[in-house]
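File shown here: input-v7.cif, holding mmCIF, C-alpha atoms.
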```cif
data_protein
loop_
_atom_site.label_atom_id
_atom_site.label_comp_id
_atom_site.auth_asym_id
_atom_site.auth_seq_id
_atom_site.Cartn_x
_atom_site.Cartn_y
_atom_site.Cartn_z
CA MET Z 13 43.62 -127.37 63.57
CA THR Z 14 44.15 -124.68 60.97
CA PHE Z 15 47.45 -123.26 59.86
CA GLU Z 16 49.12 -121.75 56.86
CA ILE Z 17 52.00 -123.44 55.12
CA ASN Z 18 53.86 -121.80 52.23
CA GLY Z 19 50.94 -119.40 51.79
CA GLN Z 20 48.30 -122.12 51.67
CA GLU Z 21 45.81 -122.62 54.45
CA HIS Z 22 45.13 -126.15 55.70
CA THR Z 23 42.58 -127.46 58.16
CA LEU Z 24 43.46 -130.90 59.48
CA ASP Z 25 42.33 -133.32 62.12
CA ILE Z 26 45.48 -134.86 63.57
CA PRO Z 27 46.36 -137.35 66.30
CA ALA Z 28 47.65 -135.69 69.50
CA ASP Z 29 50.95 -137.51 69.51
CA ILE Z 30 52.46 -136.60 66.15
CA THR Z 31 55.18 -134.06 65.53
CA ALA Z 32 55.05 -131.02 63.27
CA LEU Z 33 57.53 -132.85 61.06
CA GLU Z 34 55.10 -135.77 60.61
CA VAL Z 35 52.28 -133.36 59.81
CA ILE Z 36 54.40 -131.75 57.12
CA ARG Z 37 55.94 -134.87 55.61
CA SER Z 38 53.31 -137.58 56.09
CA LEU Z 39 50.01 -135.73 56.10
CA LEU Z 40 50.83 -132.92 53.66
CA GLY Z 41 53.38 -134.81 51.57
CA LEU Z 42 55.93 -132.00 51.75
CA THR Z 43 59.01 -134.20 51.91
CA GLY Z 44 61.59 -131.47 51.36
CA THR Z 45 61.92 -131.18 55.14
CA LYS Z 46 64.10 -134.05 56.37
CA GLU Z 47 64.32 -136.06 59.54
CA GLY Z 48 67.87 -136.61 60.70
CA CYS Z 49 68.52 -137.26 64.37
CA GLY Z 50 64.94 -136.78 65.56
CA ILE Z 51 66.11 -135.26 68.85
CA GLY Z 52 66.77 -131.63 67.94
CA GLU Z 53 70.49 -131.79 67.36
CA CYS Z 54 71.10 -131.96 63.60
CA GLY Z 55 68.72 -129.31 62.25
CA ALA Z 56 67.74 -131.25 59.08
CA CYS Z 57 64.08 -130.74 60.02
CA THR Z 58 64.34 -126.95 60.43
CA ILE Z 59 61.25 -125.02 59.35
CA VAL Z 60 60.29 -121.39 59.90
CA VAL Z 61 57.26 -120.84 62.14
CA ASP Z 62 55.99 -117.27 62.46
CA GLY Z 63 59.37 -116.01 61.30
CA LYS Z 64 61.46 -118.15 63.64
CA SER Z 65 63.53 -121.22 62.85
CA VAL Z 66 62.50 -124.29 64.84
CA ASN Z 67 63.24 -128.00 64.80
CA SER Z 68 60.01 -129.53 63.53
CA CYS Z 69 60.95 -132.92 65.02
CA LEU Z 70 60.68 -131.40 68.52
CA MET Z 71 57.48 -129.51 67.91
CA LEU Z 72 54.14 -131.10 68.64
CA GLY Z 73 51.95 -131.11 65.52
CA ALA Z 74 49.06 -129.53 67.42
CA GLN Z 75 51.28 -126.54 68.24
CA LEU Z 76 51.17 -125.55 64.56
CA ASP Z 77 47.55 -124.46 65.01
CA GLY Z 78 47.15 -120.80 64.04
CA THR Z 79 50.73 -120.37 62.83
CA LYS Z 80 52.31 -119.40 59.52
CA VAL Z 81 54.85 -121.96 58.39
CA LEU Z 82 57.47 -121.80 55.69
CA THR Z 83 59.25 -124.94 54.47
CA VAL Z 84 61.87 -125.34 51.79
CA GLU Z 85 59.10 -125.88 49.23
CA GLY Z 86 57.92 -122.32 49.88
CA LEU Z 87 61.21 -120.64 48.96
CA ALA Z 88 61.15 -121.09 45.17
CA THR Z 89 58.42 -120.03 42.79
CA GLU Z 90 57.11 -122.10 39.87
CA ALA Z 91 59.34 -120.10 37.56
CA SER Z 92 62.60 -119.89 39.46
CA LEU Z 93 64.62 -120.79 42.52
CA ALA Z 94 64.90 -118.27 45.35
CA PRO Z 95 68.08 -116.13 45.22
CA LEU Z 96 69.25 -117.96 48.33
CA GLN Z 97 68.96 -121.31 46.56
CA GLU Z 98 70.73 -119.92 43.46
CA GLN Z 99 73.67 -118.88 45.63
CA PHE Z 100 73.92 -122.30 47.29
CA MET Z 101 74.17 -123.79 43.79
CA LYS Z 102 76.71 -121.27 42.53
CA ASN Z 103 78.93 -121.53 45.59
CA HIS Z 104 78.78 -125.31 45.95
CA GLY Z 105 76.96 -125.06 49.29
CA VAL Z 106 75.28 -128.40 48.56
CA GLN Z 107 76.93 -131.79 48.45
CA CYS Z 108 74.74 -134.76 49.41
CA GLY Z 109 71.89 -132.35 50.04
CA PHE Z 110 70.30 -133.93 53.09
CA CYS Z 111 71.06 -131.02 55.41
CA THR Z 112 70.36 -128.40 52.74
CA PRO Z 113 66.62 -127.78 53.31
CA GLY Z 114 67.27 -127.19 57.02
CA ILE Z 115 70.23 -124.95 56.31
CA LEU Z 116 68.23 -122.95 53.78
CA MET Z 117 65.47 -122.40 56.35
CA SER Z 118 67.89 -121.35 59.11
CA THR Z 119 69.56 -119.00 56.62
CA HIS Z 120 66.21 -117.63 55.48
CA ALA Z 121 65.27 -116.81 59.10
CA LEU Z 122 68.70 -115.26 59.68
CA LEU Z 123 68.59 -113.02 56.59
CA GLU Z 124 65.05 -111.85 57.37
CA GLU Z 125 66.30 -110.73 60.78
CA ASN Z 126 69.77 -109.59 59.76
CA PRO Z 127 70.25 -108.96 56.03
CA ASP Z 128 74.00 -108.48 56.31
CA PRO Z 129 75.45 -111.03 58.75
CA ASP Z 130 79.19 -111.44 59.35
CA THR Z 131 80.87 -114.87 59.51
CA GLU Z 132 80.39 -115.14 63.26
CA GLU Z 133 76.68 -114.36 63.02
CA ILE Z 134 76.26 -116.91 60.22
CA SER Z 135 78.14 -119.51 62.24
CA LYS Z 136 75.95 -118.79 65.28
CA ALA Z 137 72.71 -119.02 63.28
CA LEU Z 138 73.77 -122.28 61.61
CA ALA Z 139 75.34 -123.94 64.68
CA GLY Z 140 72.24 -126.09 64.98
CA ASN Z 141 72.53 -127.42 61.43
CA LEU Z 142 75.04 -130.19 60.97
CA CYS Z 143 76.60 -130.87 57.58
CA ARG Z 144 78.93 -133.83 57.25
CA CYS Z 145 79.97 -133.16 53.63
CA THR Z 146 81.00 -129.62 52.91
CA GLY Z 147 83.03 -128.56 55.93
CA TYR Z 148 80.80 -125.46 56.12
CA GLN Z 149 83.12 -123.08 54.18
CA GLN Z 150 81.05 -123.31 51.00
CA ILE Z 151 77.88 -122.92 53.05
CA PHE Z 152 79.18 -119.74 54.68
CA ALA Z 153 80.24 -118.48 51.23
CA SER Z 154 76.75 -119.22 49.87
CA VAL Z 155 75.06 -117.36 52.72
CA LYS Z 156 77.38 -114.36 52.29
CA ALA Z 157 76.78 -114.33 48.53
CA ALA Z 158 73.03 -114.50 49.11
CA ALA Z 159 73.22 -111.57 51.51
CA THR Z 160 75.30 -109.57 49.03
CA ALA Z 161 73.01 -110.47 46.12
CA SER Z 162 69.93 -109.40 48.03
CA ARG Z 163 71.65 -106.16 49.11
CA ASP Z 164 72.61 -105.37 45.49
CA ASP Z 165 69.08 -106.29 44.56
CA ARG Z 166 67.69 -103.77 47.02
CA ILE Z 167 70.05 -101.07 45.74
CA THR Z 168 69.24 -101.62 42.08
CA GLY Z 169 65.55 -102.18 42.75
CA GLY Z 170 65.60 -105.79 41.68
CA LYS Z 171 67.11 -105.24 38.20
CA ASN Z 172 69.82 -107.82 38.86
CA GLY Z 173 67.42 -110.27 40.38
CA MET V 287 54.24 -143.00 70.43
CA ALA V 288 52.12 -142.29 73.45
CA ASP V 289 48.37 -142.18 73.90
CA PHE V 290 47.23 -138.88 75.39
CA LYS V 291 44.84 -136.00 74.83
CA TYR V 292 46.14 -132.57 73.88
CA ILE V 293 44.65 -129.68 75.88
CA ARG V 294 45.34 -126.01 75.23
CA PRO V 295 43.72 -123.68 77.79
CA ASP V 296 43.03 -120.03 76.87
CA ASN V 297 44.22 -118.54 80.13
CA LEU V 298 46.06 -119.36 83.35
CA PRO V 299 42.95 -119.89 85.56
CA GLU V 300 41.66 -122.43 83.03
CA ALA V 301 45.02 -124.23 83.07
CA LEU V 302 45.10 -124.28 86.88
CA ASP V 303 41.51 -125.57 87.01
CA PHE V 304 42.44 -128.41 84.71
CA LEU V 305 45.52 -129.30 86.74
CA TRP V 306 43.59 -129.21 90.00
CA ASP V 307 41.42 -132.07 88.74
CA ASN V 308 43.89 -133.89 86.47
CA GLY V 309 47.38 -132.91 87.59
CA GLN V 310 48.48 -136.46 88.37
CA ASP V 311 47.59 -137.60 84.86
CA THR V 312 49.00 -134.58 83.07
CA ALA V 313 52.33 -133.59 81.59
CA ILE V 314 52.88 -129.90 80.89
CA ILE V 315 54.33 -128.74 77.59
CA ALA V 316 55.68 -125.25 76.89
CA GLY V 317 58.47 -125.20 74.31
CA GLY V 318 58.43 -128.97 74.26
CA THR V 319 62.13 -129.47 73.63
CA ASP V 320 62.39 -131.84 76.61
CA VAL V 321 58.85 -133.26 76.69
CA MET V 322 58.86 -134.17 72.99
CA ILE V 323 61.79 -136.52 73.49
CA ASP V 324 59.56 -138.52 75.87
CA VAL V 325 56.54 -138.22 73.58
CA LYS V 326 58.51 -139.62 70.66
CA SER V 327 60.06 -142.48 72.59
CA GLY V 328 56.68 -143.45 74.05
CA LYS V 329 57.90 -142.77 77.58
CA LEU V 330 55.20 -140.20 78.29
CA ASP V 331 52.72 -142.20 80.37
CA LYS V 332 50.15 -139.48 80.99
CA LYS V 333 46.53 -139.12 79.90
CA TYR V 334 46.85 -135.43 79.04
CA LEU V 335 49.38 -133.04 77.59
CA LEU V 336 48.60 -129.49 78.72
CA ASP V 337 50.00 -126.85 76.38
CA ILE V 338 50.83 -123.67 78.30
CA SER V 339 52.98 -122.15 75.54
CA ARG V 340 50.39 -119.51 74.61
CA LEU V 341 49.39 -118.27 78.06
CA ASP V 342 49.87 -114.49 78.12
CA GLU V 343 50.19 -114.55 81.92
CA LEU V 344 53.54 -116.35 81.57
CA LYS V 345 55.12 -113.92 79.12
CA GLY V 346 57.20 -110.78 79.41
CA ILE V 347 60.34 -109.39 81.04
CA GLU V 348 59.92 -106.28 83.17
CA LEU V 349 61.57 -104.27 85.90
CA ASN V 350 59.16 -103.22 88.68
CA GLY V 351 61.16 -101.15 91.15
CA ARG V 352 63.62 -103.61 92.73
CA ASP V 353 61.97 -106.65 91.18
CA LEU V 354 63.18 -107.93 87.85
CA CYS V 355 60.39 -110.22 86.63
CA VAL V 356 60.93 -112.86 83.97
CA GLY V 357 57.84 -114.80 82.86
CA SER V 358 58.21 -118.58 82.89
CA GLY V 359 57.06 -118.69 79.27
CA VAL V 360 59.87 -116.40 78.11
CA THR V 361 61.97 -118.19 75.50
CA LEU V 362 65.74 -118.46 75.56
CA SER V 363 65.84 -116.32 72.39
CA GLU V 364 63.90 -113.60 74.20
CA ILE V 365 66.41 -113.78 77.06
CA TYR V 366 69.27 -113.67 74.55
CA THR V 367 67.96 -110.48 72.91
CA SER V 368 66.63 -108.67 76.00
CA ALA V 369 68.30 -105.31 76.58
CA LEU V 370 66.67 -105.16 80.02
CA LEU V 371 68.35 -108.42 81.04
CA ALA V 372 71.67 -107.38 79.50
CA SER V 373 71.71 -104.35 81.81
CA ASN V 374 70.17 -105.94 84.93
CA ALA V 375 71.01 -109.65 84.78
CA LEU V 376 73.92 -110.04 82.39
CA ALA V 377 74.82 -113.54 83.59
CA LEU V 378 71.30 -114.77 82.77
CA GLN V 379 71.44 -113.13 79.35
CA LYS V 380 74.81 -114.79 78.75
CA SER V 381 73.45 -118.17 79.79
CA ALA V 382 71.17 -118.00 76.74
CA VAL V 383 74.02 -117.23 74.32
CA ASN V 384 75.29 -120.78 74.02
CA PHE V 385 72.10 -122.53 75.05
CA ALA V 386 71.65 -125.37 72.52
CA ALA V 387 71.07 -123.90 69.05
CA ARG V 388 68.89 -121.13 67.67
CA GLN V 389 66.06 -123.53 66.68
CA ILE V 390 65.85 -124.69 70.31
CA ARG V 391 66.29 -121.23 71.84
CA ASN V 392 63.37 -119.99 69.72
CA ILE V 393 60.90 -122.24 71.55
CA ALA V 394 62.52 -123.49 74.78
CA THR V 395 61.40 -121.55 77.86
CA ILE V 396 63.11 -120.58 81.10
CA GLY V 397 60.20 -122.10 83.05
CA GLY V 398 60.70 -125.41 81.30
CA ASN V 399 64.44 -125.30 81.92
CA VAL V 400 63.81 -124.85 85.65
CA ALA V 401 60.86 -127.26 86.01
CA HIS V 402 62.75 -130.01 84.18
CA SER V 403 65.35 -129.78 86.99
CA SER V 404 68.20 -131.14 84.94
CA PRO V 405 71.50 -130.68 86.80
CA CYS V 406 72.79 -128.96 83.66
CA GLY V 407 69.92 -126.50 83.17
CA ASP V 408 71.88 -123.50 81.95
CA THR V 409 69.59 -120.79 83.33
CA VAL V 410 69.62 -122.12 86.90
CA PRO V 411 73.05 -120.88 88.12
CA SER V 412 72.19 -117.35 86.97
CA LEU V 413 68.80 -117.49 88.67
CA LEU V 414 70.56 -118.55 91.90
CA LEU V 415 73.00 -115.69 91.42
CA HIS V 416 70.13 -113.20 91.41
CA ASP V 417 68.42 -114.76 94.47
CA ALA V 418 65.49 -115.57 92.21
CA ILE V 419 62.16 -116.54 93.67
CA ALA V 420 59.75 -118.56 91.58
CA LEU V 421 56.16 -117.43 91.77
CA VAL V 422 54.22 -120.67 91.56
CA ALA V 423 50.46 -120.95 91.23
CA ASP V 424 47.81 -123.57 91.71
CA LYS V 425 44.02 -123.17 91.84
CA LYS V 426 44.11 -122.31 95.56
CA GLY V 427 46.74 -119.62 95.45
CA ILE V 428 50.28 -118.43 94.94
CA GLN V 429 53.45 -119.71 96.54
CA HIS V 430 56.91 -118.11 96.50
CA ILE V 431 59.65 -120.72 96.14
CA PRO V 432 63.32 -119.67 96.40
CA MET V 433 65.42 -121.12 93.57
CA GLU V 434 67.47 -123.15 96.10
CA GLN V 435 64.32 -125.14 96.82
CA MET V 436 63.05 -125.60 93.27
CA ALA V 437 64.91 -128.83 92.58
CA THR V 438 65.08 -131.50 95.26
CA SER V 439 67.47 -133.73 93.31
CA ALA V 440 68.47 -134.35 89.72
CA TYR V 441 65.36 -134.18 87.48
CA MET V 442 63.06 -133.86 90.52
CA SER V 443 61.38 -130.51 91.05
CA SER V 444 59.54 -129.58 94.22
CA LEU V 445 56.47 -128.56 92.20
CA THR V 446 53.24 -130.46 92.83
CA PRO V 447 51.37 -131.84 89.80
CA GLN V 448 48.80 -129.05 90.29
CA GLN V 449 51.31 -126.20 90.06
CA ILE V 450 52.62 -124.00 87.25
CA ILE V 451 55.58 -121.60 87.52
CA VAL V 452 54.22 -118.16 86.56
CA LYS V 453 57.38 -116.09 86.73
CA PHE V 454 60.75 -115.58 88.36
CA ILE V 455 61.47 -112.54 90.48
CA LEU V 456 65.15 -111.61 90.39
CA THR V 457 67.21 -109.06 92.28
CA PRO V 458 68.66 -106.87 89.52
CA TYR V 459 72.40 -106.17 89.55
CA GLN V 460 73.86 -103.18 87.76
CA ASP V 461 77.29 -101.54 87.74
CA GLY V 462 79.35 -104.60 88.31
CA TYR V 463 81.05 -107.42 86.49
CA ALA V 464 78.96 -110.43 85.51
CA ASP V 465 79.67 -113.55 83.55
CA PHE V 466 78.35 -117.00 82.77
CA GLN V 467 80.48 -119.66 81.14
CA LYS V 468 80.22 -123.37 80.63
CA ILE V 469 82.31 -126.32 79.61
CA GLY V 470 80.81 -128.73 77.10
CA ARG V 471 82.06 -131.07 74.41
CA ARG V 472 81.85 -128.37 71.76
CA LYS V 473 81.26 -124.66 71.70
CA GLU V 474 77.72 -124.69 70.37
CA LEU V 475 74.91 -127.17 70.90
CA ALA V 476 76.65 -128.81 73.83
CA ILE V 477 75.11 -129.98 77.05
CA SER V 478 76.97 -128.37 79.94
CA ARG V 479 79.40 -130.57 81.82
CA MET V 480 80.10 -127.68 84.12
CA SER V 481 78.66 -124.18 84.27
CA MET V 482 79.31 -121.15 86.43
CA ALA V 483 77.75 -117.74 86.96
CA ALA V 484 79.33 -114.84 88.85
CA PHE V 485 78.61 -111.23 89.74
CA VAL V 486 81.33 -109.07 91.29
CA LYS V 487 81.47 -105.52 92.60
CA LYS V 488 84.66 -103.83 93.74
CA ASP V 489 84.94 -100.75 95.96
CA SER V 490 87.17 -97.72 95.36
CA THR V 491 90.12 -99.43 97.08
CA GLY V 492 89.95 -102.41 94.69
CA ARG V 493 88.51 -104.80 97.24
CA ILE V 494 85.64 -107.12 96.38
CA SER V 495 82.66 -105.54 98.09
CA PHE V 496 80.02 -107.92 96.76
CA LEU V 497 80.30 -111.35 95.19
CA LYS V 498 77.76 -113.92 94.08
CA LEU V 499 78.80 -117.27 92.66
CA ALA V 500 76.80 -120.29 91.50
CA LEU V 501 77.85 -123.62 90.07
CA GLY V 502 75.84 -125.86 87.75
CA ALA V 503 75.93 -129.22 85.95
CA CYS V 504 78.65 -130.85 88.05
CA THR V 505 76.50 -131.20 91.19
CA PRO V 506 73.10 -132.99 91.28
CA VAL V 507 71.39 -129.63 91.71
CA PRO V 508 73.00 -126.29 90.76
CA CYS V 509 74.05 -124.44 93.90
CA SER V 510 75.24 -121.11 95.27
CA MET V 511 78.76 -121.07 96.66
CA GLY V 512 78.47 -119.03 99.84
CA ALA V 513 81.82 -120.26 101.23
CA VAL V 514 83.72 -118.86 98.25
CA GLU V 515 81.70 -115.63 98.35
CA ALA V 516 82.63 -115.18 102.03
CA PHE V 517 86.27 -116.07 101.41
CA LEU V 518 86.76 -113.41 98.73
CA THR V 519 84.58 -110.59 100.02
CA GLY V 520 86.65 -107.72 101.42
CA LYS V 521 89.84 -108.88 99.69
CA VAL V 522 91.78 -107.45 96.75
CA PRO V 523 91.62 -110.08 93.98
CA THR V 524 95.05 -111.27 92.87
CA ARG V 525 95.90 -114.24 90.67
CA GLU V 526 97.11 -116.21 93.70
CA LEU V 527 94.04 -115.36 95.79
CA LEU V 528 91.67 -116.37 92.99
CA TRP V 529 93.54 -119.64 92.50
CA GLU V 530 93.12 -120.35 96.20
CA ALA V 531 89.41 -119.47 95.99
CA GLY V 532 89.07 -121.76 92.96
CA GLY V 533 90.62 -124.53 95.05
CA LEU V 534 88.09 -123.88 97.78
CA LEU V 535 85.31 -124.04 95.18
CA ALA V 536 86.60 -127.41 93.97
CA GLU V 537 86.66 -128.68 97.57
CA ARG V 538 83.06 -127.56 98.03
CA MET V 539 82.06 -129.38 94.85
CA ILE V 540 83.72 -132.58 96.06
CA GLU V 541 82.01 -132.25 99.45
CA ILE V 542 78.68 -132.30 97.59
CA THR V 543 79.39 -134.99 95.02
CA GLY V 544 81.86 -137.17 96.90
CA ASN V 545 84.96 -138.49 95.18
CA ARG V 546 83.95 -139.95 91.82
CA SER V 547 86.00 -141.40 89.01
CA SER V 548 85.57 -138.06 87.20
CA THR V 549 86.74 -135.95 90.16
CA ILE V 550 90.35 -136.01 89.05
CA TYR V 551 89.28 -134.22 85.86
CA LYS V 552 86.60 -132.02 87.35
CA LYS V 553 88.71 -130.54 90.15
CA PRO V 554 91.17 -128.68 87.88
CA ALA V 555 88.33 -127.91 85.43
CA VAL V 556 86.22 -126.16 88.07
CA GLN V 557 89.27 -124.27 89.30
CA GLY V 558 90.16 -123.31 85.72
CA LEU V 559 86.63 -122.21 84.85
CA PHE V 560 86.57 -120.10 88.00
CA MET V 561 89.90 -118.47 86.99
CA ARG V 562 88.62 -117.83 83.47
CA ILE V 563 85.52 -116.07 84.79
CA LEU V 564 87.10 -114.13 87.66
CA PHE V 565 90.51 -113.26 86.18
CA PRO V 566 89.30 -109.97 84.61
CA MET V 567 88.88 -108.77 88.22
CA VAL V 568 92.63 -108.84 88.83
CA GLY V 569 94.09 -105.38 88.76
CA SER V 570 91.18 -103.77 86.93
#
```
Please render this file's structure as structure tokens.
Amino acid sequence: MTFEINGQEHTLDIPADITALEVIRSLLGLTGTKEGCGIGECGACTIVVDGKSVNSCLMLGAQLDGTKVLTVEGLATEASLAPLQEQFMKNHGVQCGFCTPGILMSTHALLEENPDPDTEEISKALAGNLCRCTGYQQIFASVKAAATASRDDRITGGKNG
Amino acid sequence: MADFKYIRPDNLPEALDFLWDNGQDTAIIAGGTDVMIDVKSGKLDKKYLLDISRLDELKGIELNGRDLCVGSGVTLSEIYTSALLASNALALQKSAVNFAARQIRNIATIGGNVAHSSPCGDTVPSLLLHDAIALVADKKGIQHIPMEQMATSAYMSSLTPQQIIVKFILTPYQDGYADFQKIGRRKELAISRMSMAAFVKKDSTGRISFLKLALGACTPVPCSMGAVEAFLTGKVPTRELLWEAGGLLAERMIEITGNRSSTIYKKPAVQGLFMRILFPMVGS
């Protein structure tokens, strides 16, 4: 199968019975994506496939064929973190960090679709991502700050970026 | 992990051909949110996994005259965001609102929800509400199966191993009041313990002229509640009348399930859920 991950095309021969998460972590060595519950409840394994957030633990590896995938490794550039990641740092949206890659990917998909979400929309989009450390308030603050930063960025043409 | 071959046909006839010869040895995967649990636990004892998630014939939501057609491959997210469903099948659209979480809604399909035949399939009460008929295909032809006959018991569908659900044909409802609500352990990401869908129309005198009601999750198979529909039709809804109707609904549920240890909790819950859904009809 052939698919694109973080802008790089890969052609792989994979067993039929492995998940998208195993393809990403074990075959491609991209271990930023985590496995939590393994049954689609915790969201730690969230990736973005063709613009949509999905639980990679519940996706068959073979179903990645022909898709464009973004994982947490694809957010930052060599030179700097993505604005979204910066805001999670600034607003203490990260504690132990295990849920963070999944939350970043759900947030990324949300902001692509809705650049200015209110608290309820953020809560709805992140309902499938469990965090047992932060109590979510700092996460919501981080997402709001990221939305505001990217809005200001659009207004000033990237000068604050 | 299981030992099977992955097959992805390019079109529906190819998929039906494959099933005609190998149906007994094949599991079907669309979104995969149920099947993958079995794949991962090694419980999938089939030779083939047939991926129908990319078949164009199973996609799309459209209104053709009096037929509202929803493809079996339509995802819960597509149901959630469909303006056509919001105006013609609001209860179905609402059933997608709190369906698992966004990551699941983005890939889980309505066809999978129905074929899996879980008692707590959230789309089923709304499909019953709209007198939905499943258009089911195998290599030899097409069959129309009313939703009441789709599941024979919990987790048992009436589909043969050679069949695929192509789409659901719903009766559209406009200009009325519709709702779907459920009770689970938390607001989001919860499996329904009890779910209910209703559509109500009132005439100019305030009487209920048309009522459809369906109950899910607390009976082995979700079911329409004709007795409650008949009881309320032609009457002006008051708080007392609705409470009585909710009691009747609870009695109907107990007739189906028998008295269980949970009945003492479920009886007031079903009555309460019914009140919560129907109460906006009082005096409005």
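Closest approach to chain Z among V:Asp424, V:Cys509, V:Glu434, V:Glu474 is made by V:Glu474 (distances from all atoms listed in the file).
Within 9 Å of chain V, counting all atoms listed in the file, chain Z contributes Pro27, Ala28, Asp29, Ile30, Thr31, Gly50, Ile51, Gly52, Glu53, Gly55, Thr58, Ile59, Lys64, Ser65, Val66, Asn67, Cys69, Leu70, Met71, Leu72, Ala74, Gln75, Ser118, Lys136, Ala137, Leu138, Ala139, Gly140 and Asn141 of chain Z.
The spacing separating atom CA of Z:Gln99 from atom CA of Z:Thr119 amounts to 11.7 Å.
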Quick one: apply the PyMOL selection byres ((chain V and resi 454) around 8) to the file and drop the selected residues here as a JSON list (two decimals) with C-alpha atoms, in the coordinates of the input.
```json
[["chain", "number", "residue", "atom", "x", "y", "z"],
["V", 355, "CYS", "CA", 60.39, -110.22, 86.63],
["V", 356, "VAL", "CA", 60.93, -112.86, 83.97],
["V", 357, "GLY", "CA", 57.84, -114.80, 82.86],
["V", 358, "SER", "CA", 58.21, -118.58, 82.89],
["V", 418, "ALA", "CA", 65.49, -115.57, 92.21],
["V", 419, "ILE", "CA", 62.16, -116.54, 93.67],
["V", 420, "ALA", "CA", 59.75, -118.56, 91.58],
["V", 421, "LEU", "CA", 56.16, -117.43, 91.77],
["V", 451, "ILE", "CA", 55.58, -121.60, 87.52],
["V", 452, "VAL", "CA", 54.22, -118.16, 86.56],
["V", 453, "LYS", "CA", 57.38, -116.09, 86.73],
["V", 455, "ILE", "CA", 61.47, -112.54, 90.48],
["V", 456, "LEU", "CA", 65.15, -111.61, 90.39]]
```
For V:Asp296, list every protein, DNA or RNA residue within 12 Å, evaluated using only C-alpha atoms, and leave out those in the same chain fewer than 2 positions away; present the list as a ChimeraX atom specification.
/V:293-294,298-304,336-343
Determine, counting only C-alpha atoms, which protein, DNA and RNA residues have an atom within 12 Å of an atom of Z:Asn126; residues of the same chain fewer than 3 positions away are not included. Present the result as a PyMOL selection string.
chain Z and resi 118-123+129-130+133-134+137+155-156+159+162-163
